[in-house]
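Asks: This is the structure I want to talk about, given as structure tokens.
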2 protein chains.
Amino acid sequence: MPDDSPRLDYRAAGVDLDAADRAKKAIKALVASTHDRHTLSGMGSFGGMYAVPGGMNAPVLVSSADGVGTKLKVAFLSGRHDTVGADLVNHCVNDILVQGARPLFFMDYLATGDMDAGVVGQVVSGVARACRDNGCALLGGETAQMPDFYAPGEYDLAGFIVGIAERDALLDGSRTRAGDALVALASTGLHTNGYTLARRIVFDVLGLDADSPFPDSGGTVADTLLAVHRSYLASLTPELERGAVRALAHVTGGGIPGNLPRSLGAGLGARIDTASWQPPPVFGVLARAGGVAPEEMSRVFNMGVGMLVVVAPVDADGLVSRLRDRGEEAWIVGEVVRGSGVELV
Amino acid sequence: MPDDSPRLDYRAAGVDLDAADRAKKAIKALVASTHDRHTLSGMGSFGGMYAVPGGMNAPVLVSSADGVGTKLKVAFLSGRHDTVGADLVNHCVNDILVQGARPLFFMDYLATGDMDAGVVGQVVSGVARACRDNGCALLGGETAQMPDFYAPGEYDLAGFIVGIAERDALLDGSRTRAGDALVALASTGLHTNGYTLARRIVFDVLGLDADSPFPDSGGTVADTLLAVHRSYLASLTPELERGAVRALAHVTGGGIPGNLPRSLGAGLGARIDTASWQPPPVFGVLARAGGVAPEEMSRVFNMGVGMLVVVAPVDADGLVSRLRDRGEEAWIVGEVVRGSGVELV
């Protein structure tokens, strides 16, 4: 008598625990490469352990969560998986830097439909590299197999950072004054925002492939759209230590108008001189091909400005000069004014 | 002359910033309801700020990241979105509890295809409720709109917890001894593991709907499969304070064999007396309908055991009694032995 009753196991249902073990082995050395003397645990513990640095008066933890967003789709199309992790880490590092914090540790969440140890290894290599570059331990994370959620070859990637600052060194908007200068630091491109619109224009309207030359650019579509989100930690840490920084704004989703006001005190706005810089060609290509209105461009994309620094007017030229010495493209982009919001002039 | 060039904006591309603002408003009060005197920031800052509690000798941060996994699919099928956030928080709380840490704060990552402020509000209400229940601040998070990633009405949910412990109170396996007793605390059901296999059996093999009565159970399929992952923080904190707990193991993916060894010291394994408890009916239904082998059941599901406590043999009866007084179903389930791995007898 034939037995046609099911004989199911986890693997038949779509979850491959052996593949998960292979993926874990692939990332173990990457994770260990980021650890320092504060890191008390190896991989495999339920939670990662990190000793609170000593010698501080009133330490405050500063934490942020973020994802890579649909920039991941460009990674899928091009088969380049080793940069999106750096995008994620650098985004998170900048998010706590603007409150005056230096990073302690990072955790990632990588969810896939099928577990490809090679792809997982590439993704985590980008996370680990950026963690090392930012002096941040990759303390742990979760790699989830979720069949029926993600298309084959696709994944989502999110991360969480914890940093620390002395309470009296936190940047909370209370130091900014009307008349303060705004210094811009150049972005490397789109960073991690606006990709749903950018992909629509590049792949649907322009009909380009990942390998196509990107218009007005020296590289391919993948080169241009996967340019790594820049971390400003190394360039700005000496400025935070000097104590001259009054506020910082990380220009992410919402652009300058959506992010700068969060960093200014109550009753303060900003005037931005849009003639003070030429946005990189990628933004002009997107605006023209997509017929995107200038105001919409400014609230979706960073337009070439990755970070804004608020300083006393007397400190602005020196700051620009020191930032340039550290390899940043930096310029005075506007000023803090009484009022609210951001005026682009 | 008709102008048929595109006029794109973010909304036309699938990202609705106004909907995102509505979602943010929906969760603002929920987030605030979890804050305490250590929480220095409101929503809207780039990073959340949390003062390191004072008066500790050598504080260690213990951190964990996790997702809800495909239990989310049951939430989608049933339209109940207010419990999965509690699953996530409680899972994370247990993950750091087993290293001896109490939670400080939590961050969530919620990624959707379309941004439905009502659904987002329900999801975050579950996160916030569990944060309050566990005395943990919901310090921030990311809500991402990712069209082309998630099917309409679907989302992924991950989270990240940071807790704290004195360094000399960390549970790291060094206190366990051969002969120690293992005390089990009952789970509420599948908790958050094994759902890809469970859904395959319940929805495909058995052909049930979310509203169908679940076999051998008093409730529906949704009731049974969405039972909230239990937090053992309140029941175990007094035991950690007594100092009698030698190790804890959170029984998640991998079951008892996959998790208990992580908590025992080198050279130690465990013998589990499977006759000491009757797994809840849900596990028998899954095993029979899916034709799942007993060993596979044990490495995919928790089989009714959500947490294992390692104590000296002399302390076991008292522990069971106190845990029962706190409303836990608790029993002596086995012992620590020389060797490695877990023997189910």
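Following the order of the structure tokens, first chain is A, next is B, and so on, with residues numbered from 1 inside each chain and ligands from 1 in the order they appear.
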Show me, as a list in words, the residues of chain B whose atoms get within 6 Å of chain A, using only C-alpha atoms for the distance check.

Replies: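 Close to chain A, chain B has Pro6, Arg7, Leu8, Asp9, Tyr10, Ala13, Phe46, Gly47, Gly48, Met49, Tyr50, Ala51, Val52, Pro59, Val60, Leu61, Val62, Ser63, Ser64, Ala65, Asp66, Asp95, Ile96, Gly141, Glu142, Leu197, Gly290, Gly291 and Val292 of chain B.
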
Asks: Can I get the selected residues back with N, CA and C atoms, as a compact mmCIF listing (two decimals), in the first residue's frame?

Replies:
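out-v1.txt written:
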```txt
# COMPACT_ATOMS: atom_id res chain seq x y z
N PRO B 6 8.26 62.46 -19.03
CA PRO B 6 7.75 62.11 -17.70
C PRO B 6 7.78 63.30 -16.75
N ARG B 7 6.90 63.28 -15.78
CA ARG B 7 6.89 64.27 -14.69
C ARG B 7 6.86 63.46 -13.41
N LEU B 8 7.98 62.94 -13.02
CA LEU B 8 8.02 62.03 -11.89
C LEU B 8 8.24 62.76 -10.58
N ASP B 9 7.71 62.16 -9.53
CA ASP B 9 8.09 62.57 -8.20
C ASP B 9 8.15 61.31 -7.34
N TYR B 10 8.50 61.51 -6.05
CA TYR B 10 8.72 60.37 -5.17
C TYR B 10 7.44 59.55 -5.03
N ALA B 13 6.70 57.35 -7.87
CA ALA B 13 7.61 56.21 -7.88
C ALA B 13 7.26 55.18 -6.81
N PHE B 46 18.28 62.43 15.23
CA PHE B 46 18.92 61.44 14.36
C PHE B 46 19.15 60.15 15.14
N GLY B 47 19.55 60.26 16.38
CA GLY B 47 19.76 59.08 17.21
C GLY B 47 19.03 59.25 18.52
N GLY B 48 18.66 58.14 19.15
CA GLY B 48 18.04 58.19 20.46
C GLY B 48 19.13 58.26 21.54
N MET B 49 18.83 58.92 22.64
CA MET B 49 19.85 59.11 23.68
C MET B 49 19.38 58.52 25.00
N TYR B 50 20.26 57.78 25.65
CA TYR B 50 19.92 57.08 26.88
C TYR B 50 21.10 57.18 27.84
N ALA B 51 20.87 57.76 29.01
CA ALA B 51 21.95 57.93 29.98
C ALA B 51 22.34 56.58 30.58
N VAL B 52 23.63 56.30 30.60
CA VAL B 52 24.10 55.06 31.24
C VAL B 52 23.77 55.14 32.73
N PRO B 59 30.08 48.26 34.38
CA PRO B 59 28.91 47.95 33.57
C PRO B 59 29.27 47.40 32.19
N VAL B 60 28.54 46.39 31.78
CA VAL B 60 28.72 45.79 30.46
C VAL B 60 27.39 45.89 29.71
N LEU B 61 27.46 46.37 28.48
CA LEU B 61 26.27 46.40 27.62
C LEU B 61 26.10 45.03 26.97
N VAL B 62 24.88 44.53 26.99
CA VAL B 62 24.58 43.26 26.34
C VAL B 62 23.52 43.55 25.30
N SER B 63 23.77 43.13 24.08
CA SER B 63 22.93 43.56 22.97
C SER B 63 22.58 42.39 22.08
N SER B 64 21.39 42.45 21.49
CA SER B 64 20.98 41.38 20.59
C SER B 64 20.07 41.93 19.51
N ALA B 65 20.15 41.35 18.33
CA ALA B 65 19.29 41.72 17.20
C ALA B 65 18.46 40.50 16.83
N ASP B 66 17.21 40.74 16.46
CA ASP B 66 16.40 39.62 16.00
C ASP B 66 15.27 40.09 15.11
N ASP B 95 16.82 37.04 25.15
CA ASP B 95 18.17 36.78 24.62
C ASP B 95 19.26 37.45 25.46
N ILE B 96 18.96 38.60 26.03
CA ILE B 96 20.00 39.22 26.87
C ILE B 96 19.84 38.81 28.34
N GLY B 141 13.79 54.06 16.04
CA GLY B 141 13.63 53.00 15.06
C GLY B 141 13.57 53.57 13.67
N GLU B 142 13.39 52.69 12.73
CA GLU B 142 13.32 53.09 11.33
C GLU B 142 12.08 52.47 10.72
N LEU B 197 8.04 25.98 8.54
CA LEU B 197 7.55 24.59 8.52
C LEU B 197 6.12 24.51 9.04
N GLY B 290 2.39 16.73 9.47
CA GLY B 290 3.52 16.96 8.58
C GLY B 290 4.41 15.75 8.42
N GLY B 291 4.14 14.70 9.19
CA GLY B 291 5.03 13.55 9.14
C GLY B 291 6.45 13.95 9.51
N VAL B 292 6.58 14.85 10.49
CA VAL B 292 7.90 15.36 10.87
C VAL B 292 8.53 14.41 11.89
```

Asks: Using only C-alpha atoms, pick whichever of A:Ser212, A:Ser235, A:Thr112, A:Ser187 has the shortest atom-to-atom distance to A:Asp325.

Replies: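 Among A:Ser212, A:Ser235, A:Thr112, A:Ser187, it is A:Ser235 that comes nearest to A:Asp325.
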
Asks: Compare A:Ser174, A:Gln122, A:Asn134, A:Ser340 by their minimum atom-to-atom distance to A:Arg230, counting only C-alpha atoms, and give me the closest one.

Replies: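 For A:Arg230, the nearest of the given residues is A:Asn134.
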
Asks: Using only C-alpha atoms, which protein or nucleic acid residues come within 10 Å of A:Leu264? Drop anything in the same chain fewer than 3 positions from it, and give the result as JSON, numbers by chain.

Replies: {"A": [171, 172, 173, 174, 175, 176, 177, 178, 246, 247, 248, 249, 259, 260, 261, 267, 268, 269, 270, 310, 336, 337, 340, 341]}

Asks: Once you have the residues from the selection above, write them out as a PDB file, in the first residue's frame, restricted to N, CA and C atoms.

Replies:
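Below is the file that was written, again.pdb:
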```
ATOM      1  N   LEU A 171      25.319  67.210  21.117  1.00  0.00           N
ATOM      2  CA  LEU A 171      24.855  68.296  20.251  1.00  0.00           C
ATOM      3  C   LEU A 171      23.337  68.203  20.155  1.00  0.00           C
ATOM      4  N   ASP A 172      22.649  69.193  20.698  1.00  0.00           N
ATOM      5  CA  ASP A 172      21.191  69.108  20.768  1.00  0.00           C
ATOM      6  C   ASP A 172      20.506  70.349  20.221  1.00  0.00           C
ATOM      7  N   GLY A 173      21.239  71.186  19.514  1.00  0.00           N
ATOM      8  CA  GLY A 173      20.630  72.382  18.927  1.00  0.00           C
ATOM      9  C   GLY A 173      20.705  73.596  19.824  1.00  0.00           C
ATOM     10  N   SER A 174      21.084  73.382  21.077  1.00  0.00           N
ATOM     11  CA  SER A 174      21.052  74.517  22.013  1.00  0.00           C
ATOM     12  C   SER A 174      22.213  75.487  21.806  1.00  0.00           C
ATOM     13  N   ARG A 175      23.228  75.079  21.036  1.00  0.00           N
ATOM     14  CA  ARG A 175      24.400  75.962  20.854  1.00  0.00           C
ATOM     15  C   ARG A 175      24.305  76.843  19.616  1.00  0.00           C
ATOM     16  N   THR A 176      23.331  76.588  18.756  1.00  0.00           N
ATOM     17  CA  THR A 176      23.277  77.337  17.494  1.00  0.00           C
ATOM     18  C   THR A 176      22.708  78.740  17.723  1.00  0.00           C
ATOM     19  N   ARG A 177      23.210  79.674  16.922  1.00  0.00           N
ATOM     20  CA  ARG A 177      22.782  81.072  17.028  1.00  0.00           C
ATOM     21  C   ARG A 177      22.477  81.600  15.624  1.00  0.00           C
ATOM     22  N   ALA A 178      21.534  82.523  15.529  1.00  0.00           N
ATOM     23  CA  ALA A 178      21.304  83.193  14.245  1.00  0.00           C
ATOM     24  C   ALA A 178      22.610  83.851  13.812  1.00  0.00           C
ATOM     25  N   ARG A 246      28.882  73.618  16.546  1.00  0.00           N
ATOM     26  CA  ARG A 246      27.653  73.961  17.279  1.00  0.00           C
ATOM     27  C   ARG A 246      26.509  73.005  16.972  1.00  0.00           C
ATOM     28  N   ALA A 247      26.526  72.449  15.783  1.00  0.00           N
ATOM     29  CA  ALA A 247      25.505  71.449  15.416  1.00  0.00           C
ATOM     30  C   ALA A 247      25.965  70.767  14.142  1.00  0.00           C
ATOM     31  N   LEU A 248      25.413  69.581  13.923  1.00  0.00           N
ATOM     32  CA  LEU A 248      25.657  68.838  12.686  1.00  0.00           C
ATOM     33  C   LEU A 248      24.323  68.330  12.164  1.00  0.00           C
ATOM     34  N   ALA A 249      24.195  68.250  10.838  1.00  0.00           N
ATOM     35  CA  ALA A 249      22.997  67.646  10.245  1.00  0.00           C
ATOM     36  C   ALA A 249      23.429  66.656   9.163  1.00  0.00           C
ATOM     37  N   ASN A 259      16.173  67.675   6.966  1.00  0.00           N
ATOM     38  CA  ASN A 259      17.097  67.246   8.013  1.00  0.00           C
ATOM     39  C   ASN A 259      17.743  68.373   8.803  1.00  0.00           C
ATOM     40  N   LEU A 260      18.062  69.461   8.137  1.00  0.00           N
ATOM     41  CA  LEU A 260      18.768  70.533   8.848  1.00  0.00           C
ATOM     42  C   LEU A 260      17.954  71.105  10.015  1.00  0.00           C
ATOM     43  N   PRO A 261      16.642  71.330   9.851  1.00  0.00           N
ATOM     44  CA  PRO A 261      15.890  71.925  10.968  1.00  0.00           C
ATOM     45  C   PRO A 261      15.931  71.104  12.253  1.00  0.00           C
ATOM     46  N   GLY A 267      13.174  78.315  17.032  1.00  0.00           N
ATOM     47  CA  GLY A 267      13.196  79.698  16.569  1.00  0.00           C
ATOM     48  C   GLY A 267      14.265  79.974  15.536  1.00  0.00           C
ATOM     49  N   LEU A 268      14.934  78.921  15.071  1.00  0.00           N
ATOM     50  CA  LEU A 268      15.992  79.108  14.081  1.00  0.00           C
ATOM     51  C   LEU A 268      15.705  78.334  12.794  1.00  0.00           C
ATOM     52  N   GLY A 269      16.053  78.944  11.681  1.00  0.00           N
ATOM     53  CA  GLY A 269      15.971  78.297  10.382  1.00  0.00           C
ATOM     54  C   GLY A 269      17.296  78.493   9.660  1.00  0.00           C
ATOM     55  N   ALA A 270      17.279  78.238   8.361  1.00  0.00           N
ATOM     56  CA  ALA A 270      18.537  78.362   7.616  1.00  0.00           C
ATOM     57  C   ALA A 270      18.273  78.911   6.227  1.00  0.00           C
ATOM     58  N   VAL A 310      27.440  73.374  11.594  1.00  0.00           N
ATOM     59  CA  VAL A 310      27.117  74.720  12.057  1.00  0.00           C
ATOM     60  C   VAL A 310      28.248  75.196  12.963  1.00  0.00           C
ATOM     61  N   VAL A 336      22.653  80.305   9.451  1.00  0.00           N
ATOM     62  CA  VAL A 336      21.501  80.124  10.329  1.00  0.00           C
ATOM     63  C   VAL A 336      20.791  81.465  10.464  1.00  0.00           C
ATOM     64  N   VAL A 337      19.449  81.428  10.359  1.00  0.00           N
ATOM     65  CA  VAL A 337      18.676  82.678  10.464  1.00  0.00           C
ATOM     66  C   VAL A 337      17.557  82.510  11.487  1.00  0.00           C
ATOM     67  N   SER A 340      12.143  79.655  10.872  1.00  0.00           N
ATOM     68  CA  SER A 340      12.063  78.198  10.885  1.00  0.00           C
ATOM     69  C   SER A 340      12.202  77.699   9.459  1.00  0.00           C
ATOM     70  N   GLY A 341      12.517  76.438   9.323  1.00  0.00           N
ATOM     71  CA  GLY A 341      12.607  75.831   7.998  1.00  0.00           C
ATOM     72  C   GLY A 341      13.852  76.258   7.254  1.00  0.00           C
TER      73      GLY A 341
END
```

Asks: Any chance you could list, as a ChimeraX atom specification, the residues in stretch 33-203 of chain B that come up alpha helix (DSSP H) when DSSP is run on the backbone?

Replies: /B:71-78,84-97,117-133,195-199

Asks: Please indicate the distance in Å from atom CA of B:Trp277 to atom CA of B:Val333, rounded to one decimal place.

Replies: 7.8 Å

Asks: Hey, what's within 12 Å of B:Ala29 if we count only C-alpha atoms and toss same-chain stuff fewer than 6 positions away? As a list of chain:residue names, please?

Replies: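 Once the adjacent positions are removed, what remains is B:Ala23, B:His35, B:Gly42, B:Met43, B:Gly121, B:Val124, B:Ser125, B:Ala128, B:Arg129, B:Leu138.
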
Asks: Would you mind listing what lies within 10 Å of B:Leu190 as a list of chain:residue names, with only C-alpha atoms counted and same-chain residues fewer than 3 positions away left out?

Replies: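 My list of contacting residues is B:Lys71, B:Ser187, B:Asn193, B:Gly194, B:Tyr195, B:Ala198, B:Thr224, B:Leu225, B:Leu226, B:Ala227, B:Val228, B:His229, B:Thr252, B:Pro280, B:Val282, B:Phe283, B:Val300, B:Phe301, B:Asn302, B:Met303, B:Gly304, B:Val305, B:Gly306.
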